[in-house]
Each structure stands twice: as C-alpha cells, then as structure tokens.
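Student: Sharing query-v6.cif below, mmCIF, C-alpha atoms and all ligand atoms; chains and numbers go by the auth columns:
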data_start
loop_
_atom_site.group_PDB
_atom_site.id
_atom_site.type_symbol
_atom_site.label_atom_id
_atom_site.label_comp_id
_atom_site.label_asym_id
_atom_site.label_seq_id
_atom_site.Cartn_x
_atom_site.Cartn_y
_atom_site.Cartn_z
_atom_site.B_iso_or_equiv
_atom_site.auth_seq_id
_atom_site.auth_asym_id
ATOM 1 C CA MET A 1 14.360 26.729 18.451 0.00 1333 A
ATOM 2 C CA VAL A 2 11.707 24.029 18.070 0.00 1334 A
ATOM 3 C CA ARG A 3 13.158 20.619 18.902 0.00 1335 A
ATOM 4 C CA LYS A 4 12.462 17.977 16.283 0.00 1336 A
ATOM 5 C CA GLN A 5 10.638 15.147 18.052 0.00 1337 A
ATOM 6 C CA PHE A 6 11.908 12.511 15.653 0.00 1338 A
ATOM 7 C CA THR A 7 15.438 12.792 14.374 0.00 1339 A
ATOM 8 C CA ASP A 8 16.426 10.853 11.256 0.00 1340 A
ATOM 9 C CA GLU A 9 18.312 8.418 13.482 0.00 1341 A
ATOM 10 C CA VAL A 10 15.262 7.796 15.669 0.00 1342 A
ATOM 11 C CA ILE A 11 13.025 7.255 12.630 0.00 1343 A
ATOM 12 C CA GLU A 12 15.537 4.841 11.152 0.00 1344 A
ATOM 13 C CA GLU A 13 15.618 2.911 14.408 0.00 1345 A
ATOM 14 C CA MET A 14 11.791 2.813 14.569 0.00 1346 A
ATOM 15 C CA VAL A 15 11.553 1.525 11.004 0.00 1347 A
ATOM 16 C CA LYS A 16 14.167 -1.120 11.724 0.00 1348 A
ATOM 17 C CA ARG A 17 12.307 -2.321 14.808 0.00 1349 A
ATOM 18 C CA MET A 18 8.898 -2.410 13.077 0.00 1350 A
ATOM 19 C CA ASP A 19 10.432 -4.338 10.213 0.00 1351 A
ATOM 20 C CA SER A 20 11.970 -6.980 12.444 0.00 1352 A
ATOM 21 C CA GLN A 21 8.814 -7.310 14.546 0.00 1353 A
ATOM 22 C CA SER A 22 6.520 -7.797 11.538 0.00 1354 A
ATOM 23 C CA PRO A 23 8.289 -8.507 8.229 0.00 1355 A
ATOM 24 C CA PRO A 24 6.288 -7.213 5.242 0.00 1356 A
ATOM 25 C CA HIS A 25 4.082 -9.252 2.952 0.00 1357 A
ATOM 26 C CA HIS A 26 4.931 -8.742 -0.708 0.00 1358 A
ATOM 27 C CA PHE A 27 2.502 -9.540 -3.489 0.00 1359 A
ATOM 28 C CA GLU A 28 3.784 -12.110 -5.930 0.00 1360 A
ATOM 29 C CA PHE A 29 4.469 -9.935 -8.946 0.00 1361 A
ATOM 30 C CA GLN A 30 7.339 -7.591 -9.749 0.00 1362 A
ATOM 31 C CA ASP A 31 5.942 -6.477 -13.090 0.00 1363 A
ATOM 32 C CA PRO A 32 4.334 -2.997 -12.779 0.00 1364 A
ATOM 33 C CA PHE A 33 1.211 -4.020 -14.713 0.00 1365 A
ATOM 34 C CA TRP A 34 0.458 -6.966 -12.459 0.00 1366 A
ATOM 35 C CA ILE A 35 1.309 -4.951 -9.359 0.00 1367 A
ATOM 36 C CA LEU A 36 -1.273 -2.409 -10.513 0.00 1368 A
ATOM 37 C CA ILE A 37 -3.911 -5.078 -11.165 0.00 1369 A
ATOM 38 C CA THR A 38 -3.164 -6.784 -7.836 0.00 1370 A
ATOM 39 C CA THR A 39 -3.380 -3.501 -5.934 0.00 1371 A
ATOM 40 C CA ILE A 40 -6.707 -2.622 -7.557 0.00 1372 A
ATOM 41 C CA MET A 41 -8.075 -5.974 -6.391 0.00 1373 A
ATOM 42 C CA SER A 42 -6.540 -5.817 -2.912 0.00 1374 A
ATOM 43 C CA HIS A 43 -8.881 -3.245 -1.381 0.00 1375 A
ATOM 44 C CA ARG A 44 -10.972 -4.898 1.351 0.00 1376 A
ATOM 45 C CA THR A 45 -9.661 -8.327 0.381 0.00 1377 A
ATOM 46 C CA LYS A 46 -7.344 -10.662 2.260 0.00 1378 A
ATOM 47 C CA ASP A 47 -3.794 -10.921 0.874 0.00 1379 A
ATOM 48 C CA ALA A 48 -4.067 -14.652 0.187 0.00 1380 A
ATOM 49 C CA VAL A 49 -7.300 -14.161 -1.798 0.00 1381 A
ATOM 50 C CA THR A 50 -5.833 -11.270 -3.772 0.00 1382 A
ATOM 51 C CA ASP A 51 -2.653 -13.255 -4.502 0.00 1383 A
ATOM 52 C CA ALA A 52 -4.631 -16.263 -5.711 0.00 1384 A
ATOM 53 C CA ALA A 53 -6.903 -14.169 -7.953 0.00 1385 A
ATOM 54 C CA ALA A 54 -3.967 -12.262 -9.461 0.00 1386 A
ATOM 55 C CA ARG A 55 -2.078 -15.490 -10.112 0.00 1387 A
ATOM 56 C CA LYS A 56 -5.095 -17.002 -11.918 0.00 1388 A
ATOM 57 C CA LEU A 57 -5.582 -13.869 -14.031 0.00 1389 A
ATOM 58 C CA PHE A 58 -1.911 -13.888 -14.957 0.00 1390 A
ATOM 59 C CA GLU A 59 -1.972 -17.592 -15.858 0.00 1391 A
ATOM 60 C CA LYS A 60 -4.965 -17.073 -18.156 0.00 1392 A
ATOM 61 C CA TYR A 61 -4.196 -13.695 -19.709 0.00 1393 A
ATOM 62 C CA ASN A 62 -0.445 -13.250 -19.244 0.00 1394 A
ATOM 63 C CA ASP A 63 -0.168 -9.552 -20.078 0.00 1395 A
ATOM 64 C CA CYS A 64 -1.942 -6.251 -20.579 0.00 1396 A
ATOM 65 C CA ARG A 65 -3.225 -7.127 -24.053 0.00 1397 A
ATOM 66 C CA GLY A 66 -4.568 -10.464 -22.876 0.00 1398 A
ATOM 67 C CA LEU A 67 -6.500 -8.890 -20.018 0.00 1399 A
ATOM 68 C CA ALA A 68 -7.701 -6.028 -22.236 0.00 1400 A
ATOM 69 C CA GLU A 69 -9.331 -8.608 -24.522 0.00 1401 A
ATOM 70 C CA ALA A 70 -10.822 -10.654 -21.677 0.00 1402 A
ATOM 71 C CA LYS A 71 -14.539 -11.242 -21.306 0.00 1403 A
ATOM 72 C CA TYR A 72 -16.137 -9.707 -18.214 0.00 1404 A
ATOM 73 C CA GLU A 73 -17.903 -12.953 -17.236 0.00 1405 A
ATOM 74 C CA ASP A 74 -14.638 -14.915 -17.367 0.00 1406 A
ATOM 75 C CA VAL A 75 -12.771 -12.388 -15.217 0.00 1407 A
ATOM 76 C CA LEU A 76 -15.671 -12.259 -12.772 0.00 1408 A
ATOM 77 C CA GLN A 77 -15.515 -16.016 -12.381 0.00 1409 A
ATOM 78 C CA ILE A 78 -11.746 -15.979 -11.853 0.00 1410 A
ATOM 79 C CA ILE A 79 -11.829 -13.282 -9.155 0.00 1411 A
ATOM 80 C CA ASP A 80 -14.914 -14.766 -7.546 0.00 1412 A
ATOM 81 C CA LYS A 81 -13.642 -14.502 -3.943 0.00 1413 A
ATOM 82 C CA VAL A 82 -12.345 -10.937 -4.211 0.00 1414 A
ATOM 83 C CA GLY A 83 -14.355 -8.251 -2.393 0.00 1415 A
ATOM 84 C CA PHE A 84 -16.503 -6.030 -4.653 0.00 1416 A
ATOM 85 C CA LYS A 85 -15.799 -8.474 -7.462 0.00 1417 A
ATOM 86 C CA THR A 86 -18.266 -7.010 -9.965 0.00 1418 A
ATOM 87 C CA VAL A 87 -16.753 -3.526 -9.770 0.00 1419 A
ATOM 88 C CA LYS A 88 -13.224 -4.883 -9.783 0.00 1420 A
ATOM 89 C CA ALA A 89 -13.796 -7.242 -12.730 0.00 1421 A
ATOM 90 C CA SER A 90 -14.805 -4.254 -14.858 0.00 1422 A
ATOM 91 C CA ARG A 91 -12.043 -2.117 -13.427 0.00 1423 A
ATOM 92 C CA VAL A 92 -9.166 -4.473 -14.175 0.00 1424 A
ATOM 93 C CA ILE A 93 -10.352 -4.961 -17.762 0.00 1425 A
ATOM 94 C CA ASP A 94 -10.878 -1.205 -18.261 0.00 1426 A
ATOM 95 C CA THR A 95 -7.464 -0.497 -16.759 0.00 1427 A
ATOM 96 C CA ALA A 96 -5.796 -2.975 -19.120 0.00 1428 A
ATOM 97 C CA ARG A 97 -7.627 -1.461 -22.113 0.00 1429 A
ATOM 98 C CA LEU A 98 -6.653 2.074 -21.169 0.00 1430 A
ATOM 99 C CA ILE A 99 -2.996 1.174 -20.654 0.00 1431 A
ATOM 100 C CA LEU A 100 -2.953 -0.699 -23.944 0.00 1432 A
ATOM 101 C CA GLU A 101 -4.596 2.106 -25.905 0.00 1433 A
ATOM 102 C CA LYS A 102 -3.065 5.158 -24.255 0.00 1434 A
ATOM 103 C CA TYR A 103 0.337 3.879 -23.142 0.00 1435 A
ATOM 104 C CA ASP A 104 1.000 1.097 -25.657 0.00 1436 A
ATOM 105 C CA GLY A 105 0.744 -1.523 -22.919 0.00 1437 A
ATOM 106 C CA HIS A 106 3.284 0.096 -20.582 0.00 1438 A
ATOM 107 C CA VAL A 107 2.233 1.303 -17.143 0.00 1439 A
ATOM 108 C CA PRO A 108 3.047 5.024 -16.830 0.00 1440 A
ATOM 109 C CA GLN A 109 5.740 5.932 -14.324 0.00 1441 A
ATOM 110 C CA THR A 110 4.349 9.150 -12.884 0.00 1442 A
ATOM 111 C CA LEU A 111 1.832 9.810 -10.142 0.00 1443 A
ATOM 112 C CA GLU A 112 0.033 12.309 -12.364 0.00 1444 A
ATOM 113 C CA SER A 113 -0.534 9.776 -15.172 0.00 1445 A
ATOM 114 C CA LEU A 114 -1.387 6.880 -12.887 0.00 1446 A
ATOM 115 C CA THR A 115 -4.025 8.860 -11.006 0.00 1447 A
ATOM 116 C CA THR A 116 -5.850 9.653 -14.248 0.00 1448 A
ATOM 117 C CA ILE A 117 -6.805 5.957 -14.442 0.00 1449 A
ATOM 118 C CA LYS A 118 -10.309 5.454 -13.094 0.00 1450 A
ATOM 119 C CA GLY A 119 -10.212 3.998 -9.588 0.00 1451 A
ATOM 120 C CA VAL A 120 -6.510 4.657 -9.116 0.00 1452 A
ATOM 121 C CA GLY A 121 -5.848 7.129 -6.309 0.00 1453 A
ATOM 122 C CA ARG A 122 -2.607 8.302 -4.763 0.00 1454 A
ATOM 123 C CA LYS A 123 -2.346 5.206 -2.584 0.00 1455 A
ATOM 124 C CA THR A 124 -2.479 2.726 -5.464 0.00 1456 A
ATOM 125 C CA ALA A 125 -0.286 4.940 -7.649 0.00 1457 A
ATOM 126 C CA ASN A 126 2.353 5.163 -4.927 0.00 1458 A
ATOM 127 C CA VAL A 127 2.314 1.374 -4.474 0.00 1459 A
ATOM 128 C CA VAL A 128 2.953 0.927 -8.210 0.00 1460 A
ATOM 129 C CA LEU A 129 5.713 3.537 -8.260 0.00 1461 A
ATOM 130 C CA ALA A 130 7.448 2.031 -5.218 0.00 1462 A
ATOM 131 C CA ASP A 131 6.997 -1.685 -5.838 0.00 1463 A
ATOM 132 C CA GLY A 132 6.881 -1.667 -9.640 0.00 1464 A
ATOM 133 C CA PHE A 133 9.436 0.994 -10.516 0.00 1465 A
ATOM 134 C CA HIS A 134 11.430 1.371 -7.281 0.00 1466 A
ATOM 135 C CA ILE A 135 10.718 5.095 -7.298 0.00 1467 A
ATOM 136 C CA PRO A 136 10.765 6.349 -3.689 0.00 1468 A
ATOM 137 C CA SER A 137 7.092 6.884 -2.765 0.00 1469 A
ATOM 138 C CA ILE A 138 4.913 6.543 0.326 0.00 1470 A
ATOM 139 C CA ALA A 139 1.497 4.913 -0.056 0.00 1471 A
ATOM 140 C CA VAL A 140 -0.837 5.895 2.771 0.00 1472 A
ATOM 141 C CA ASP A 141 -3.542 3.338 3.399 0.00 1473 A
ATOM 142 C CA THR A 142 -5.597 2.834 6.524 0.00 1474 A
ATOM 143 C CA HIS A 143 -2.730 1.173 8.432 0.00 1475 A
ATOM 144 C CA VAL A 144 -0.111 3.771 7.541 0.00 1476 A
ATOM 145 C CA LEU A 145 -2.590 6.546 8.376 0.00 1477 A
ATOM 146 C CA ARG A 146 -3.475 5.114 11.791 0.00 1478 A
ATOM 147 C CA ILE A 147 0.046 4.184 12.888 0.00 1479 A
ATOM 148 C CA SER A 148 1.568 7.468 11.718 0.00 1480 A
ATOM 149 C CA ASN A 149 -0.958 9.474 13.709 0.00 1481 A
ATOM 150 C CA ARG A 150 -0.633 7.327 16.813 0.00 1482 A
ATOM 151 C CA LEU A 151 3.144 7.627 16.722 0.00 1483 A
ATOM 152 C CA GLY A 152 3.052 11.380 16.202 0.00 1484 A
ATOM 153 C CA TRP A 153 4.649 11.185 12.766 0.00 1485 A
ATOM 154 C CA ALA A 154 1.552 12.833 11.303 0.00 1486 A
ATOM 155 C CA HIS A 155 -1.395 14.842 12.589 0.00 1487 A
ATOM 156 C CA SER A 156 -4.226 14.409 10.135 0.00 1488 A
ATOM 157 C CA ASP A 157 -7.004 11.973 9.321 0.00 1489 A
ATOM 158 C CA ASN A 158 -6.592 12.864 5.666 0.00 1490 A
ATOM 159 C CA PRO A 159 -4.380 10.338 3.793 0.00 1491 A
ATOM 160 C CA ASP A 160 -3.042 12.935 1.331 0.00 1492 A
ATOM 161 C CA LYS A 161 -2.026 15.338 4.098 0.00 1493 A
ATOM 162 C CA THR A 162 -0.489 12.467 6.047 0.00 1494 A
ATOM 163 C CA GLU A 163 1.491 11.470 2.964 0.00 1495 A
ATOM 164 C CA MET A 164 2.869 15.018 2.702 0.00 1496 A
ATOM 165 C CA GLU A 165 3.805 15.037 6.397 0.00 1497 A
ATOM 166 C CA LEU A 166 5.561 11.693 6.050 0.00 1498 A
ATOM 167 C CA ARG A 167 7.411 12.821 2.937 0.00 1499 A
ATOM 168 C CA THR A 168 8.747 15.764 4.934 0.00 1500 A
ATOM 169 C CA LEU A 169 9.586 13.796 8.068 0.00 1501 A
ATOM 170 C CA ILE A 170 10.924 10.473 6.852 0.00 1502 A
ATOM 171 C CA PRO A 171 14.314 10.273 5.115 0.00 1503 A
ATOM 172 C CA GLU A 172 13.788 9.319 1.476 0.00 1504 A
ATOM 173 C CA LYS A 173 16.071 6.306 1.739 0.00 1505 A
ATOM 174 C CA LEU A 174 13.407 4.705 4.000 0.00 1506 A
ATOM 175 C CA TRP A 175 10.409 5.264 1.710 0.00 1507 A
ATOM 176 C CA LEU A 176 10.696 2.102 -0.355 0.00 1508 A
ATOM 177 C CA GLY A 177 9.135 -0.772 1.532 0.00 1509 A
ATOM 178 C CA LEU A 178 7.622 1.494 4.189 0.00 1510 A
ATOM 179 C CA ASN A 179 4.014 0.754 3.195 0.00 1511 A
ATOM 180 C CA PRO A 180 4.142 -3.068 3.153 0.00 1512 A
ATOM 181 C CA MET A 181 6.106 -3.059 6.390 0.00 1513 A
ATOM 182 C CA MET A 182 3.647 -0.766 8.182 0.00 1514 A
ATOM 183 C CA VAL A 183 0.668 -2.709 6.818 0.00 1515 A
ATOM 184 C CA GLU A 184 1.967 -5.875 8.480 0.00 1516 A
ATOM 185 C CA PHE A 185 2.834 -3.973 11.643 0.00 1517 A
ATOM 186 C CA GLY A 186 -0.722 -2.627 11.658 0.00 1518 A
ATOM 187 C CA LYS A 187 -2.226 -6.080 11.295 0.00 1519 A
ATOM 188 C CA LYS A 188 -0.075 -7.754 13.944 0.00 1520 A
ATOM 189 C CA ILE A 189 0.855 -5.094 16.515 0.00 1521 A
ATOM 190 C CA CYS A 190 -0.667 -1.645 16.069 0.00 1522 A
ATOM 191 C CA ARG A 191 -4.123 -3.046 15.344 0.00 1523 A
ATOM 192 C CA PRO A 192 -7.060 -0.709 14.733 0.00 1524 A
ATOM 193 C CA VAL A 193 -8.778 -1.930 17.903 0.00 1525 A
ATOM 194 C CA GLY A 194 -6.684 -3.188 20.799 0.00 1526 A
ATOM 195 C CA PRO A 195 -3.160 -2.259 19.738 0.00 1527 A
ATOM 196 C CA LYS A 196 -0.602 -4.514 21.420 0.00 1528 A
ATOM 197 C CA CYS A 197 1.295 -1.649 23.035 0.00 1529 A
ATOM 198 C CA THR A 198 2.927 -3.791 25.729 0.00 1530 A
ATOM 199 C CA GLU A 199 4.489 -5.997 23.036 0.00 1531 A
ATOM 200 C CA CYS A 200 5.354 -3.135 20.711 0.00 1532 A
ATOM 201 C CA SER A 201 9.035 -2.590 19.972 0.00 1533 A
ATOM 202 C CA ILE A 202 8.637 1.166 19.427 0.00 1534 A
ATOM 203 C CA SER A 203 6.354 2.080 22.331 0.00 1535 A
ATOM 204 C CA GLU A 204 9.049 4.276 23.900 0.00 1536 A
ATOM 205 C CA PHE A 205 8.747 6.635 20.900 0.00 1537 A
ATOM 206 C CA CYS A 206 4.955 6.571 20.554 0.00 1538 A
ATOM 207 C CA ASP A 207 2.736 9.540 21.436 0.00 1539 A
ATOM 208 C CA PHE A 208 -0.344 7.342 21.817 0.00 1540 A
ATOM 209 C CA TYR A 209 1.464 5.052 24.249 0.00 1541 A
ATOM 210 C CA LYS A 210 2.872 7.912 26.291 0.00 1542 A
ATOM 211 C CA LYS A 211 -0.560 9.513 26.601 0.00 1543 A
ATOM 212 C CA ASN A 212 -2.421 6.319 27.459 0.00 1544 A
ATOM 213 C CA LYS A 213 -0.053 4.267 29.594 0.00 1545 A
ATOM 214 C CA LYS A 214 -1.173 3.958 33.185 0.00 1546 A
HETATM 215 S S1 LIG B . 2.853 1.679 21.254 0.00 1601 A
HETATM 216 FE FE1 LIG B . 0.805 0.972 20.727 0.00 1601 A
HETATM 217 S S2 LIG B . -0.138 2.651 19.576 0.00 1601 A
HETATM 218 FE FE2 LIG B . 2.073 3.006 19.625 0.00 1601 A
HETATM 219 S S3 LIG B . 2.840 2.103 17.720 0.00 1601 A
HETATM 220 FE FE3 LIG B . 3.033 0.562 19.326 0.00 1601 A
HETATM 221 S S4 LIG B . 1.113 -0.628 19.194 0.00 1601 A
HETATM 222 FE FE4 LIG B . 0.796 1.289 18.084 0.00 1601 A
#
Kindly present the structure from the file in structure tokens form.
Ligand code: SF4

Tutor:
Amino acid sequence: MVRKQFTDEVIEEMVKRMDSQSPPHHFEFQDPFWILITTIMSHRTKDAVTDAAARKLFEKYNDCRGLAEAKYEDVLQIIDKVGFKTVKASRVIDTARLILEKYDGHVPQTLESLTTIKGVGRKTANVVLADGFHIPSIAVDTHVLRISNRLGWAHSDNPDKTEMELRTLIPEKLWLGLNPMMVEFGKKICRPVGPKCTECSISEFCDFYKKNKK
C-alpha cells in the first residue's frame, strides 16, 4: 500500500503553522464585485497600491453601475499607480459593464461563469468565490504554486494541475483562506529566491528542505 506522505492531520498542522508565522493580508472589501475589481487590479501590483486604487474607485463610483458608466480617462487617473494601468482601466470598466448587462449587476457565483469574463482566469475566479461568496475554492497564484511544489503537496509547474492536486490533497475545510495565507507566507518566508528555510516553521515536512539541507 502506498503511504500517504501528508495525512490530513499533518496538513492541518502545516496550515496552522504557516498561518501563525505569516498572518494573511485581506483586501478591504467583502462585496464580491469589489473583490473582483480589486483582484483584477492586483496582478503585479503591491497590496497597498491595489488597496488604495480600489478604495478610490469605490468612493467615486460606489457600485457596478457607477463603474460601468465611468469614463476611461477618469479611471486611468484614479488607478495611476497600478501596474499595467491602461489595460486594467479598460478591463475594470468592461467587467462592470458585462456584469451589469449580463448578470443584472450581480457577480456570478460559479467558476464557469466567472471565467467567461475577459481577463478572469481560474485564479481570479477562485479568489472571488472564496473571499466574496465563501465557497470553498483554492486560488493558485505564483506563491501557492511555488510553495506547494517545494513542500511536495503538488508536482507541476502548471497552476491548473496544481489546483487539482491541492483539491485532492487538502481537506476542504482548509480551502477558505488558504490563498491569502500562502501568499503572505511566500512573501515573508518561502520567498521565490532565498527562502528562509532555517526560520520556517514547517521545514520538517518540506521536500525541498529535506533535499537541500546540508
Ligand atoms: S522549508 Fe524552505 S522551501 Fe520549505 S516551505 Fe519552508 S521556506 Fe519554503
């Protein structure tokens, strides 16, 4: 019989330790529409910049209809410090228009519908489902991908395949909050270059650490 490397108890313990070593950052909004808009803007942008831009958009436009009717130049000015601002200014307006026209202003609650929105992939859709609707989902971004493969939780450089591996391995009760927690852990401890393995609270479980420790 093949021995399971990570039992549910071990995974739960790992998640608990990561969480206490690097508590997650949560974006400011709880409303699914603003979580979607914030997540669209967050790619390649610092959290503080994304938060500030989302807050300004919300203060000016308030809801989906308001943003759908916004002028491109105004939005561009508001999200001035966000990375890829020209693409994202168009994208947030287009997203608001589509949700207004197709879904009567309500963000859809399924992965299939969310991923039909231009620029919304599985990662963004899973963030919206988890954070906006509290539907158990695992968003695999660059941090989750890297950490999962270093740990031995997953064995693929493809985010979609890694998501499927994680969905099989990790007990569903741990899915909510997993992404923001691992993102912080990836920024502070399991960094892309120079992971802080000697400070890491889960090194005893980590394949990468076991292979590379001297
Ligand atoms: S031991 Fe090192 S590689 Fe493994 S999870 Fe911790 S920081 Fe990352």

Student: Spell out the residues picked by the PyMOL selection byres (((not hetatm)) within 12 of (chain A and resi 1601)) here, as a ChimeraX atom specification.

Tutor: /A:1346-1347,1349-1350,1353-1354,1475-1485,1514-1545

Student: Mind pulling up the distance from atom CA of Arg1454 of chain A to atom CA of Pro1356 of chain A?

Tutor: 20.5 Å

Student: Run through the PyMOL selection byres (((chain A and resi 1420) around 10) and not hetatm) on the given coordinates and return the selected residues as a ChimeraX atom specification.

Tutor: /A:1369,1372-1375,1407-1408,1411,1414-1419,1421-1426,1451

Student: Kindly resolve the PyMOL selection byres (((chain A and resi 1467) around 12) and not hetatm) on the present coordinates and return the residues as a PyMOL selection string.

Tutor: chain A and resi 1364+1441-1443+1457-1466+1468-1471+1504-1509

Student: Have a look at atom CA of Asn1394 of chain A and atom CA of Leu1432 of chain A and let me know their distance in Å, one decimal.

Tutor: 13.6 Å

Student: Using all atoms listed in the file, determine which residues lie at most 8 Å from Ile1410 of chain A, disregarding the query and same-chain residues fewer than 2 positions distant; provide the list as an mmCIF file with C-alpha atoms, in the coordinates of the input.

Tutor:
data_model
loop_
_atom_site.group_PDB
_atom_site.id
_atom_site.type_symbol
_atom_site.label_atom_id
_atom_site.label_comp_id
_atom_site.auth_asym_id
_atom_site.auth_seq_id
_atom_site.Cartn_x
_atom_site.Cartn_y
_atom_site.Cartn_z
ATOM 1 C CA ALA A 1385 -6.903 -14.169 -7.953
ATOM 2 C CA LYS A 1388 -5.095 -17.002 -11.918
ATOM 3 C CA LEU A 1389 -5.582 -13.869 -14.031
ATOM 4 C CA ASP A 1406 -14.638 -14.915 -17.367
ATOM 5 C CA VAL A 1407 -12.771 -12.388 -15.217
ATOM 6 C CA LEU A 1408 -15.671 -12.259 -12.772
ATOM 7 C CA ASP A 1412 -14.914 -14.766 -7.546
#

Student: Using all atoms listed in the file, which of A:Gln1409, A:Thr1474, A:Thr1500, A:Thr1377 sits nearest Pro1512 of chain A?

Tutor: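 The closest residue to Pro1512 of chain A is A:Thr1474.
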
Student: Quick one: pull the distance between atom CA of Ile1449 of chain A and atom CA of Trp1366 of chain A, Å, one decimal.

Tutor: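 Going from atom CA of Ile1449 of chain A over to atom CA of Trp1366 of chain A covers 15.0 Å.
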
Student: Which residue is closest to Leu1368 of chain A? Choose from A:Ala1386, A:Leu1501, A:Asp1340, A:Lys1493 and count all atoms listed in the file.

Tutor: A:Ala1386

Student: For the interface of segment 1433-1464 of chain A with segment 1395-1398 of chain A (cut-off 10 Å, counting only C-alpha atoms), please tabulate each contacting residue of segment 1433-1464 of chain A alongside its nearest pair of atoms and their separation in Å to one decimal, rows sorted by chain and increasing number, as JSON lines.

Tutor:
{"residue": "A:Glu1433", "atom": "CA", "partner": "A:Arg1397", "partner_atom": "CA", "distance": 9.5}
{"residue": "A:Asp1436", "atom": "CA", "partner": "A:Arg1397", "partner_atom": "CA", "distance": 9.4}
{"residue": "A:Gly1437", "atom": "CA", "partner": "A:Cys1396", "partner_atom": "CA", "distance": 5.9}
{"residue": "A:His1438", "atom": "CA", "partner": "A:Cys1396", "partner_atom": "CA", "distance": 8.2}
{"residue": "A:Val1439", "atom": "CA", "partner": "A:Cys1396", "partner_atom": "CA", "distance": 9.3}
